[in-house]
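Shown below: query.cif, with mmCIF, C-alpha atoms and all ligand atoms.
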```
data_final
#
loop_
_atom_site.label_atom_id
_atom_site.label_comp_id
_atom_site.auth_asym_id
_atom_site.auth_seq_id
_atom_site.Cartn_x
_atom_site.Cartn_y
_atom_site.Cartn_z
CA MET A 1 -23.11 7.08 5.91
CA PRO A 2 -23.10 10.90 5.84
CA ALA A 3 -24.67 12.65 2.88
CA SER A 4 -22.23 13.15 0.03
CA ALA A 5 -22.16 15.14 -3.18
CA PRO A 6 -24.57 13.68 -5.77
CA ASP A 7 -21.75 13.00 -8.25
CA PHE A 8 -19.54 11.32 -5.69
CA VAL A 9 -18.68 7.70 -6.42
CA SER A 10 -20.99 5.07 -4.90
CA TYR A 11 -19.60 2.60 -2.38
CA GLN A 12 -20.16 -0.26 -4.85
CA GLU A 13 -18.17 1.53 -7.51
CA PHE A 14 -15.46 2.40 -4.96
CA ILE A 15 -15.11 -1.29 -4.03
CA ARG A 16 -14.66 -2.17 -7.72
CA ARG A 17 -11.94 0.47 -8.01
CA VAL A 18 -10.14 -0.73 -4.87
CA ALA A 19 -10.11 -4.22 -6.37
CA ALA A 20 -8.76 -2.85 -9.66
CA VAL A 21 -5.96 -0.93 -7.88
CA HIS A 22 -5.13 -3.98 -5.77
CA ALA A 23 -4.86 -5.97 -9.02
CA LEU A 24 -2.43 -3.39 -10.43
CA ILE A 25 -0.40 -3.54 -7.22
CA ALA A 26 -0.36 -7.34 -7.34
CA ALA A 27 0.75 -7.34 -10.99
CA ALA A 28 3.53 -4.83 -10.31
CA CYS A 29 4.65 -6.85 -7.29
CA ALA A 30 4.66 -10.08 -9.31
CA ALA A 31 6.76 -8.41 -12.01
CA ALA A 32 9.22 -7.23 -9.35
CA GLY A 33 9.32 -10.59 -7.56
CA ARG A 34 7.68 -9.11 -4.47
CA ALA A 35 4.75 -10.34 -2.36
CA ALA A 36 1.62 -8.23 -2.92
CA HIS A 37 1.08 -7.62 0.80
CA THR A 38 4.37 -5.69 1.01
CA VAL A 39 2.74 -2.67 -0.66
CA GLU A 40 0.01 -0.76 1.14
CA LEU A 41 -2.74 1.19 -0.59
CA LEU A 42 -3.18 4.63 1.02
CA ALA A 43 -6.50 6.18 -0.07
CA VAL A 44 -5.99 9.87 -0.80
CA THR A 45 -9.24 11.57 0.20
CA LYS A 46 -8.25 15.24 -0.23
CA THR A 47 -10.97 17.46 -1.71
CA HIS A 48 -13.49 14.61 -1.40
CA PRO A 49 -16.31 14.45 1.16
CA VAL A 50 -15.74 12.69 4.49
CA ALA A 51 -17.66 9.75 3.01
CA ALA A 52 -14.44 8.94 1.13
CA ALA A 53 -12.72 8.24 4.45
CA ASP A 54 -15.69 6.19 5.65
CA TYR A 55 -15.51 4.15 2.42
CA ALA A 56 -11.80 3.51 2.96
CA ALA A 57 -12.40 2.26 6.49
CA ARG A 58 -15.38 0.13 5.46
CA SER A 59 -13.29 -1.57 2.78
CA SER A 60 -10.62 -2.41 5.40
CA LEU A 61 -7.98 0.06 4.27
CA ARG A 62 -5.79 1.12 7.19
CA ALA A 63 -5.33 4.77 6.41
CA VAL A 64 -6.23 7.81 4.35
CA GLY A 65 -4.02 10.64 3.10
CA GLU A 66 -4.94 14.33 3.29
CA ASN A 67 -2.82 17.20 2.03
CA ARG A 68 -4.20 20.11 4.06
CA VAL A 69 -4.30 20.36 7.83
CA GLN A 70 -7.44 22.49 7.92
CA GLU A 71 -9.36 20.21 5.58
CA ALA A 72 -8.55 17.19 7.75
CA ALA A 73 -9.51 19.15 10.88
CA ASP A 74 -12.89 19.86 9.30
CA LYS A 75 -13.47 16.28 8.16
CA ARG A 76 -11.98 13.96 10.74
CA PRO A 77 -14.52 14.69 13.52
CA HIS A 78 -17.29 13.59 11.14
CA CYS A 79 -15.62 10.33 10.14
CA THR A 80 -17.48 7.34 11.53
CA ALA A 81 -14.44 5.03 11.67
CA PRO A 82 -12.52 5.40 14.94
CA THR A 83 -9.66 3.09 13.96
CA LEU A 84 -8.91 4.64 10.55
CA ALA A 85 -5.48 6.30 10.48
CA TRP A 86 -5.03 9.75 8.94
CA GLU A 87 -1.73 10.70 7.33
CA LEU A 88 -0.63 14.15 6.21
CA ILE A 89 0.89 14.04 2.71
CA GLY A 90 0.86 17.75 1.84
CA HIS A 91 3.18 20.62 2.69
CA LEU A 92 3.12 21.65 6.35
CA GLN A 93 3.94 25.12 7.66
CA SER A 94 5.56 25.14 11.07
CA ASN A 95 2.82 27.35 12.51
CA LYS A 96 0.40 24.46 11.87
CA ALA A 97 2.70 21.84 13.41
CA LYS A 98 0.76 21.68 16.64
CA LEU A 99 -2.58 21.07 14.98
CA ALA A 100 -0.97 18.54 12.64
CA ALA A 101 0.60 16.62 15.54
CA GLN A 102 -2.79 16.52 17.22
CA LEU A 103 -4.79 15.52 14.19
CA PHE A 104 -2.66 13.07 12.25
CA ASP A 105 -1.43 9.57 13.00
CA ARG A 106 1.60 10.19 10.80
CA VAL A 107 3.12 13.16 8.98
CA GLN A 108 4.78 12.23 5.67
CA SER A 109 5.76 15.73 4.58
CA VAL A 110 8.55 16.64 7.01
CA ASP A 111 11.22 18.45 5.01
CA SER A 112 13.13 20.81 7.32
CA GLU A 113 14.93 21.04 10.64
CA LYS A 114 12.44 23.64 11.74
CA LEU A 115 9.51 21.28 11.18
CA LEU A 116 11.27 18.51 13.07
CA HIS A 117 11.73 20.84 16.04
CA HIS A 118 8.14 22.09 15.97
CA LEU A 119 6.56 18.65 15.53
CA ASP A 120 8.72 17.12 18.26
CA ARG A 121 7.79 19.88 20.69
CA ALA A 122 4.09 19.61 19.79
CA ALA A 123 4.14 15.81 20.18
CA ALA A 124 5.88 16.17 23.55
CA GLU A 125 3.17 18.58 24.73
CA LEU A 126 0.53 16.10 23.62
CA GLY A 127 2.36 13.27 25.36
CA LYS A 128 2.55 11.25 22.15
CA ILE A 129 5.11 9.72 19.85
CA LEU A 130 4.40 11.00 16.35
CA PRO A 131 5.48 8.77 13.44
CA VAL A 132 6.97 10.76 10.54
CA LEU A 133 8.46 10.34 7.08
CA LEU A 134 10.95 12.74 5.56
CA GLN A 135 9.73 14.12 2.25
CA ILE A 136 12.63 14.17 -0.17
CA ASN A 137 12.65 15.97 -3.51
CA ALA A 138 14.37 12.95 -5.01
CA GLY A 139 13.57 14.03 -8.57
CA HIS A 140 15.17 17.48 -8.14
CA ASP A 141 11.90 19.11 -9.16
CA PRO A 142 12.00 22.91 -8.64
CA ALA A 143 8.19 22.89 -8.40
CA LYS A 144 8.05 20.41 -5.52
CA PHE A 145 8.39 20.67 -1.77
CA GLY A 146 10.71 18.24 -0.04
CA ALA A 147 14.26 18.37 1.25
CA ASP A 148 17.13 18.07 -1.23
CA LEU A 149 18.64 14.59 -1.45
CA ILE A 150 21.95 15.97 -0.24
CA ASP A 151 20.36 17.23 3.01
CA ALA A 152 18.52 13.98 3.73
CA PRO A 153 21.24 12.28 5.84
CA ARG A 154 21.52 15.27 8.16
CA LEU A 155 17.73 15.52 8.53
CA ALA A 156 17.41 11.79 9.20
CA GLU A 157 20.09 11.98 11.90
CA LEU A 158 18.34 14.93 13.49
CA ALA A 159 14.95 13.17 13.33
CA LEU A 160 16.42 10.19 15.20
CA THR A 161 17.45 12.46 18.07
CA LYS A 162 13.88 13.68 18.56
CA LYS A 163 12.37 11.80 21.50
CA ASN A 164 8.76 12.35 20.50
CA LEU A 165 9.14 11.51 16.81
CA ARG A 166 9.50 8.09 15.22
CA LEU A 167 11.17 8.12 11.82
CA ASP A 168 9.56 5.39 9.66
CA GLY A 169 11.20 6.20 6.32
CA PHE A 170 10.82 8.52 3.34
CA MET A 171 8.25 9.96 0.95
CA THR A 172 8.67 11.44 -2.52
CA ILE A 173 6.66 12.72 -5.49
CA ALA A 174 8.05 12.25 -8.99
CA PRO A 175 8.18 15.23 -11.36
CA LEU A 176 5.93 15.20 -14.44
CA GLY A 177 7.58 15.11 -17.86
CA ALA A 178 6.51 16.75 -21.11
CA THR A 179 5.53 13.35 -22.54
CA PRO A 180 4.35 10.07 -21.00
CA ALA A 181 7.75 8.50 -21.76
CA GLU A 182 9.55 11.36 -20.06
CA THR A 183 7.23 11.13 -17.04
CA THR A 184 8.00 7.42 -16.74
CA ALA A 185 11.74 8.10 -16.98
CA HIS A 186 11.48 10.78 -14.26
CA ALA A 187 9.49 8.40 -12.07
CA ARG A 188 12.08 5.59 -12.41
CA ARG A 189 14.96 7.93 -11.63
CA THR A 190 13.20 9.62 -8.68
CA PHE A 191 12.11 6.35 -7.05
CA ALA A 192 15.53 4.74 -7.57
CA ASN A 193 17.11 7.76 -5.85
CA LEU A 194 14.84 7.42 -2.82
CA ARG A 195 15.46 3.69 -2.62
CA SER A 196 19.26 4.16 -2.72
CA LEU A 197 19.05 6.87 -0.09
CA ARG A 198 17.23 4.49 2.26
CA ASP A 199 19.51 1.54 1.45
CA ASP A 200 22.51 3.75 2.20
CA LEU A 201 21.17 5.36 5.39
CA ALA A 202 19.41 2.49 7.15
CA PRO A 203 22.57 0.48 7.89
CA ARG A 204 24.60 3.62 8.60
CA LEU A 205 22.07 4.86 11.15
CA ALA A 206 21.19 1.35 12.31
CA VAL A 207 17.43 1.83 11.91
CA PRO A 208 15.07 0.02 9.50
CA LEU A 209 13.55 3.11 7.77
CA ARG A 210 11.30 0.58 6.08
CA GLU A 211 8.60 2.86 4.70
CA LEU A 212 9.07 4.18 1.18
CA SER A 213 5.92 6.15 0.37
CA MET A 214 6.13 6.55 -3.39
CA GLY A 215 3.81 6.04 -6.35
CA MET A 216 0.48 7.67 -7.24
CA SER A 217 -2.29 6.74 -9.69
CA GLY A 218 -0.05 7.42 -12.69
CA ASP A 219 3.24 5.85 -11.61
CA LEU A 220 2.55 3.08 -9.13
CA ALA A 221 4.16 0.32 -11.23
CA GLU A 222 7.48 2.21 -11.46
CA ALA A 223 7.33 2.91 -7.72
CA ILE A 224 6.70 -0.73 -6.83
CA ALA A 225 9.53 -1.88 -9.11
CA ALA A 226 11.83 0.45 -7.15
CA GLY A 227 10.72 -0.82 -3.73
CA SER A 228 7.71 1.29 -2.72
CA THR A 229 5.96 0.08 0.45
CA GLN A 230 3.02 2.47 0.17
CA VAL A 231 1.31 3.89 -2.90
CA ARG A 232 -0.86 7.00 -2.42
CA ILE A 233 -3.92 6.77 -4.67
CA GLY A 234 -6.66 9.35 -5.10
CA THR A 235 -7.92 9.65 -8.66
CA ALA A 236 -8.08 5.92 -9.41
CA LEU A 237 -10.32 5.41 -6.36
CA PHE A 238 -12.50 8.50 -6.14
CA GLY A 239 -12.33 10.02 -9.62
CA SER A 240 -10.91 13.38 -10.61
CA ARG A 241 -10.86 16.10 -7.99
CA PRO A 242 -13.31 19.02 -8.10
CA THR A 243 -10.44 21.53 -7.80
CA PRO A 244 -6.73 21.11 -8.47
CA ALA A 245 -4.90 20.21 -5.26
C1 LIG B 1 -3.02 14.13 -4.41
C2 LIG B 1 -1.84 13.36 -4.01
C3 LIG B 1 -1.74 11.98 -4.31
C4 LIG B 1 -2.77 11.21 -5.10
O1 LIG B 1 -2.66 11.52 -6.44
P1 LIG B 1 -3.56 10.79 -7.55
O2 LIG B 1 -2.87 11.12 -8.81
O3 LIG B 1 -4.93 11.38 -7.45
O4 LIG B 1 -3.56 9.33 -7.26
C5 LIG B 1 -0.61 11.33 -3.86
N1 LIG B 1 0.35 11.94 -3.15
C6 LIG B 1 0.28 13.25 -2.84
C7 LIG B 1 1.37 13.89 -2.07
C8 LIG B 1 -0.81 14.00 -3.26
O5 LIG B 1 -0.88 15.31 -2.94
#
```
Could you express the structure from this file as structure tokens?
Amino acid sequence: MPASAPDFVSYQEFIRRVAAVHALIAAACAAAGRAAHTVELLAVTKTHPVAAADYAARSSLRAVGENRVQEAADKRPHCTAPTLAWELIGHLQSNKAKLAAQLFDRVQSVDSEKLLHHLDRAAAELGKILPVLLQINAGHDPAKFGADLIDAPRLAELALTKKNLRLDGFMTIAPLGATPAETTAHARRTFANLRSLRDDLAPRLAVPLRELSMGMSGDLAEAIAAGSTQVRIGTALFGSRPTPA
């Protein structure tokens, strides 16, 4: 285990938190009449030391989420778990597409035609098929990245024409409200929008688009009720982040 910051969570404490999050996922699944294994826990390790990724692998999680290409480039070579998957969940500029295609096992933040072109070309040069999600601003939040809902069908069709990309589904982030009740209402509306988009497009395009990456520490129950297949959890596993990200 590499050295980590003195105030970083211990592995024992991390294991307790993973169990607690799994219990929340199981409860939300039970309430929605879903099987608990249909929702994956993605450990969001951004801003945390590489030990966070090692913890995730050691506790049998499949993947970690990072929101900056450069941070992942700095950390991944030091990660001791060769089979751990790394997913990009933060905004990607097209000039970093090549590095992202090289570094990540999946990119969840694809939100433009330009990015689709750049990632496809980069994946082709690397001789790989890069799995992607389209990030949709399903809550119409002016402060968030993500394609508009109305542009999603066109982007999905374009993604399916890219030979070196594999479109797995969609990702979204719900807008915050001024009060907890408003935040919950935004979350329900945002996640329902993403679910309807998928339910509409999958049969039309004749592809499963099974992944719905939605739900974070604060809104995972609403996301699971709406059909989330992957919740992205940072704070509830590793504690609050040293700097806002
Ligand atoms: C940081 C981040 C998360 C995790 O958020 P927490 O509230 O710490 O669980 C999830 N998704 C994205 C896109 C993020 O940037």
Neighbouring residues of ligand LIG 1 (chain B) are defined here as those with any atom at most 8 Å from a ligand atom, counting all atoms listed in the file; list them as a PyMOL selection string.
chain A and resi 44+46+65-67+89-90+172-173+214-218+231-237+239-241+245
Write a file of the selected residues as an mmCIF file, in the frame of the given file, keeping C-alpha atoms.
```
data_model
loop_
_atom_site.group_PDB
_atom_site.id
_atom_site.type_symbol
_atom_site.label_atom_id
_atom_site.label_comp_id
_atom_site.auth_asym_id
_atom_site.auth_seq_id
_atom_site.Cartn_x
_atom_site.Cartn_y
_atom_site.Cartn_z
ATOM 1 C CA VAL A 44 -5.990 9.870 -0.800
ATOM 2 C CA LYS A 46 -8.250 15.240 -0.230
ATOM 3 C CA GLY A 65 -4.020 10.640 3.100
ATOM 4 C CA GLU A 66 -4.940 14.330 3.290
ATOM 5 C CA ASN A 67 -2.820 17.200 2.030
ATOM 6 C CA ILE A 89 0.890 14.040 2.710
ATOM 7 C CA GLY A 90 0.860 17.750 1.840
ATOM 8 C CA THR A 172 8.670 11.440 -2.520
ATOM 9 C CA ILE A 173 6.660 12.720 -5.490
ATOM 10 C CA MET A 214 6.130 6.550 -3.390
ATOM 11 C CA GLY A 215 3.810 6.040 -6.350
ATOM 12 C CA MET A 216 0.480 7.670 -7.240
ATOM 13 C CA SER A 217 -2.290 6.740 -9.690
ATOM 14 C CA GLY A 218 -0.050 7.420 -12.690
ATOM 15 C CA VAL A 231 1.310 3.890 -2.900
ATOM 16 C CA ARG A 232 -0.860 7.000 -2.420
ATOM 17 C CA ILE A 233 -3.920 6.770 -4.670
ATOM 18 C CA GLY A 234 -6.660 9.350 -5.100
ATOM 19 C CA THR A 235 -7.920 9.650 -8.660
ATOM 20 C CA ALA A 236 -8.080 5.920 -9.410
ATOM 21 C CA LEU A 237 -10.320 5.410 -6.360
ATOM 22 C CA GLY A 239 -12.330 10.020 -9.620
ATOM 23 C CA SER A 240 -10.910 13.380 -10.610
ATOM 24 C CA ARG A 241 -10.860 16.100 -7.990
ATOM 25 C CA ALA A 245 -4.900 20.210 -5.260
#
```
Could you check how far atom CA of Trp86 of chain A sits from atom CA of Leu42 of chain A, in Å to one decimal?
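That distance, rounded to one decimal, is 9.6 Å.
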Give me the residues near Leu126 of chain A as a PyMOL selection string, where near means some atom within 12 Å (using all atoms listed in the file) and where sequence neighbours in that chain fewer than 3 positions away do not count.
chain A and resi 97-103+119-123+129-130+164-165
Take the point (18.9, 17.0, 3.8) in the file's coordinates, draw a sphere of radius 12 Å around it, and report as a PDB file with C-alpha atoms, in the frame of the given file every protein, DNA or RNA residue with an atom inside or on it, counting all atoms listed in the file.
```pdb
ATOM      1  CA  VAL A 110       8.550  16.640   7.010  1.00  0.00           C
ATOM      2  CA  ASP A 111      11.220  18.450   5.010  1.00  0.00           C
ATOM      3  CA  SER A 112      13.130  20.810   7.320  1.00  0.00           C
ATOM      4  CA  GLU A 113      14.930  21.040  10.640  1.00  0.00           C
ATOM      5  CA  LEU A 134      10.950  12.740   5.560  1.00  0.00           C
ATOM      6  CA  GLN A 135       9.730  14.120   2.250  1.00  0.00           C
ATOM      7  CA  ILE A 136      12.630  14.170  -0.170  1.00  0.00           C
ATOM      8  CA  ASN A 137      12.650  15.970  -3.510  1.00  0.00           C
ATOM      9  CA  ALA A 138      14.370  12.950  -5.010  1.00  0.00           C
ATOM     10  CA  GLY A 146      10.710  18.240  -0.040  1.00  0.00           C
ATOM     11  CA  ALA A 147      14.260  18.370   1.250  1.00  0.00           C
ATOM     12  CA  ASP A 148      17.130  18.070  -1.230  1.00  0.00           C
ATOM     13  CA  LEU A 149      18.640  14.590  -1.450  1.00  0.00           C
ATOM     14  CA  ILE A 150      21.950  15.970  -0.240  1.00  0.00           C
ATOM     15  CA  ASP A 151      20.360  17.230   3.010  1.00  0.00           C
ATOM     16  CA  ALA A 152      18.520  13.980   3.730  1.00  0.00           C
ATOM     17  CA  PRO A 153      21.240  12.280   5.840  1.00  0.00           C
ATOM     18  CA  ARG A 154      21.520  15.270   8.160  1.00  0.00           C
ATOM     19  CA  LEU A 155      17.730  15.520   8.530  1.00  0.00           C
ATOM     20  CA  ALA A 156      17.410  11.790   9.200  1.00  0.00           C
ATOM     21  CA  GLU A 157      20.090  11.980  11.900  1.00  0.00           C
ATOM     22  CA  LEU A 158      18.340  14.930  13.490  1.00  0.00           C
ATOM     23  CA  ALA A 159      14.950  13.170  13.330  1.00  0.00           C
ATOM     24  CA  PHE A 170      10.820   8.520   3.340  1.00  0.00           C
ATOM     25  CA  LEU A 197      19.050   6.870  -0.090  1.00  0.00           C
ATOM     26  CA  LEU A 201      21.170   5.360   5.390  1.00  0.00           C
TER      27      LEU A 201
END
```
Proximity to Ala192 of chain A - best of A:Thr179, A:Ser94, A:Ser228, A:Thr83, only C-alpha atoms:
A:Ser228
Can I get segment 45-56 of chain A with all heavy atoms filled in, as a PDB file, in the coordinates of the input?
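Done, and the output landed in rebuild_10.pdb:
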```
ATOM      1  N   THR A  45      -7.857  11.080   0.143  1.00  0.00           N
ATOM      2  CA  THR A  45      -9.240  11.570   0.200  1.00  0.00           C
ATOM      3  C   THR A  45      -9.346  13.093   0.060  1.00  0.00           C
ATOM      4  O   THR A  45     -10.445  13.641   0.148  1.00  0.00           O
ATOM      5  CB  THR A  45      -9.877  11.139   1.534  1.00  0.00           C
ATOM      6  OG1 THR A  45      -8.980  11.462   2.608  1.00  0.00           O
ATOM      7  CG2 THR A  45     -10.127   9.643   1.551  1.00  0.00           C
ATOM      8  N   LYS A  46      -8.232  13.774  -0.153  1.00  0.00           N
ATOM      9  CA  LYS A  46      -8.250  15.240  -0.230  1.00  0.00           C
ATOM     10  C   LYS A  46      -9.262  15.735  -1.258  1.00  0.00           C
ATOM     11  O   LYS A  46      -9.395  15.125  -2.325  1.00  0.00           O
ATOM     12  CB  LYS A  46      -6.856  15.760  -0.588  1.00  0.00           C
ATOM     13  CG  LYS A  46      -6.429  15.403  -2.007  1.00  0.00           C
ATOM     14  CD  LYS A  46      -5.003  15.833  -2.300  1.00  0.00           C
ATOM     15  CE  LYS A  46      -4.674  15.598  -3.750  1.00  0.00           C
ATOM     16  NZ  LYS A  46      -3.249  15.487  -4.006  1.00  0.00           N
ATOM     17  N   THR A  47      -9.920  16.802  -0.923  1.00  0.00           N
ATOM     18  CA  THR A  47     -10.970  17.460  -1.710  1.00  0.00           C
ATOM     19  C   THR A  47     -12.284  16.664  -1.791  1.00  0.00           C
ATOM     20  O   THR A  47     -13.284  17.184  -2.271  1.00  0.00           O
ATOM     21  CB  THR A  47     -10.564  17.836  -3.168  1.00  0.00           C
ATOM     22  OG1 THR A  47     -10.587  16.660  -3.979  1.00  0.00           O
ATOM     23  CG2 THR A  47      -9.221  18.528  -3.230  1.00  0.00           C
ATOM     24  N   HIS A  48     -12.274  15.422  -1.345  1.00  0.00           N
ATOM     25  CA  HIS A  48     -13.490  14.610  -1.400  1.00  0.00           C
ATOM     26  C   HIS A  48     -14.233  14.684  -0.065  1.00  0.00           C
ATOM     27  O   HIS A  48     -13.638  14.975   0.965  1.00  0.00           O
ATOM     28  CB  HIS A  48     -13.140  13.168  -1.753  1.00  0.00           C
ATOM     29  CG  HIS A  48     -12.533  13.035  -3.116  1.00  0.00           C
ATOM     30  ND1 HIS A  48     -13.223  13.351  -4.271  1.00  0.00           N
ATOM     31  CD2 HIS A  48     -11.300  12.664  -3.512  1.00  0.00           C
ATOM     32  CE1 HIS A  48     -12.432  13.159  -5.322  1.00  0.00           C
ATOM     33  NE2 HIS A  48     -11.258  12.746  -4.892  1.00  0.00           N
ATOM     34  N   PRO A  49     -15.537  14.389  -0.080  1.00  0.00           N
ATOM     35  CA  PRO A  49     -16.310  14.450   1.160  1.00  0.00           C
ATOM     36  C   PRO A  49     -15.812  13.417   2.183  1.00  0.00           C
ATOM     37  O   PRO A  49     -15.106  12.473   1.818  1.00  0.00           O
ATOM     38  CB  PRO A  49     -17.752  14.149   0.733  1.00  0.00           C
ATOM     39  CG  PRO A  49     -17.670  13.620  -0.649  1.00  0.00           C
ATOM     40  CD  PRO A  49     -16.390  14.081  -1.245  1.00  0.00           C
ATOM     41  N   VAL A  50     -16.199  13.593   3.431  1.00  0.00           N
ATOM     42  CA  VAL A  50     -15.740  12.690   4.490  1.00  0.00           C
ATOM     43  C   VAL A  50     -16.195  11.250   4.217  1.00  0.00           C
ATOM     44  O   VAL A  50     -15.584  10.289   4.695  1.00  0.00           O
ATOM     45  CB  VAL A  50     -16.226  13.189   5.887  1.00  0.00           C
ATOM     46  CG1 VAL A  50     -17.736  13.105   6.008  1.00  0.00           C
ATOM     47  CG2 VAL A  50     -15.543  12.419   7.010  1.00  0.00           C
ATOM     48  N   ALA A  51     -17.225  11.095   3.389  1.00  0.00           N
ATOM     49  CA  ALA A  51     -17.660   9.750   3.010  1.00  0.00           C
ATOM     50  C   ALA A  51     -16.514   8.956   2.383  1.00  0.00           C
ATOM     51  O   ALA A  51     -16.451   7.735   2.514  1.00  0.00           O
ATOM     52  CB  ALA A  51     -18.828   9.826   2.026  1.00  0.00           C
ATOM     53  N   ALA A  52     -15.579   9.635   1.740  1.00  0.00           N
ATOM     54  CA  ALA A  52     -14.440   8.940   1.130  1.00  0.00           C
ATOM     55  C   ALA A  52     -13.622   8.221   2.200  1.00  0.00           C
ATOM     56  O   ALA A  52     -13.164   7.090   1.994  1.00  0.00           O
ATOM     57  CB  ALA A  52     -13.562   9.943   0.364  1.00  0.00           C
ATOM     58  N   ALA A  53     -13.457   8.867   3.345  1.00  0.00           N
ATOM     59  CA  ALA A  53     -12.720   8.240   4.450  1.00  0.00           C
ATOM     60  C   ALA A  53     -13.531   7.081   5.037  1.00  0.00           C
ATOM     61  O   ALA A  53     -12.978   6.026   5.361  1.00  0.00           O
ATOM     62  CB  ALA A  53     -12.410   9.276   5.525  1.00  0.00           C
ATOM     63  N   ASP A  54     -14.837   7.270   5.148  1.00  0.00           N
ATOM     64  CA  ASP A  54     -15.690   6.190   5.650  1.00  0.00           C
ATOM     65  C   ASP A  54     -15.634   4.976   4.709  1.00  0.00           C
ATOM     66  O   ASP A  54     -15.553   3.837   5.160  1.00  0.00           O
ATOM     67  CB  ASP A  54     -17.145   6.672   5.785  1.00  0.00           C
ATOM     68  CG  ASP A  54     -17.325   7.667   6.931  1.00  0.00           C
ATOM     69  OD1 ASP A  54     -16.603   7.553   7.937  1.00  0.00           O
ATOM     70  OD2 ASP A  54     -18.171   8.566   6.810  1.00  0.00           O
ATOM     71  N   TYR A  55     -15.652   5.232   3.398  1.00  0.00           N
ATOM     72  CA  TYR A  55     -15.510   4.150   2.420  1.00  0.00           C
ATOM     73  C   TYR A  55     -14.208   3.376   2.647  1.00  0.00           C
ATOM     74  O   TYR A  55     -14.175   2.154   2.621  1.00  0.00           O
ATOM     75  CB  TYR A  55     -15.436   4.704   0.991  1.00  0.00           C
ATOM     76  CG  TYR A  55     -16.723   5.150   0.336  1.00  0.00           C
ATOM     77  CD1 TYR A  55     -17.932   5.218   1.014  1.00  0.00           C
ATOM     78  CD2 TYR A  55     -16.698   5.510  -1.016  1.00  0.00           C
ATOM     79  CE1 TYR A  55     -19.085   5.646   0.363  1.00  0.00           C
ATOM     80  CE2 TYR A  55     -17.838   5.930  -1.677  1.00  0.00           C
ATOM     81  CZ  TYR A  55     -19.023   6.001  -0.983  1.00  0.00           C
ATOM     82  OH  TYR A  55     -20.156   6.419  -1.640  1.00  0.00           O
ATOM     83  N   ALA A  56     -13.116   4.148   2.806  1.00  0.00           N
ATOM     84  CA  ALA A  56     -11.800   3.510   2.960  1.00  0.00           C
ATOM     85  C   ALA A  56     -11.796   2.578   4.161  1.00  0.00           C
ATOM     86  O   ALA A  56     -11.330   1.441   4.087  1.00  0.00           O
ATOM     87  CB  ALA A  56     -10.723   4.583   3.090  1.00  0.00           C
TER      88      ALA A  56
END
```
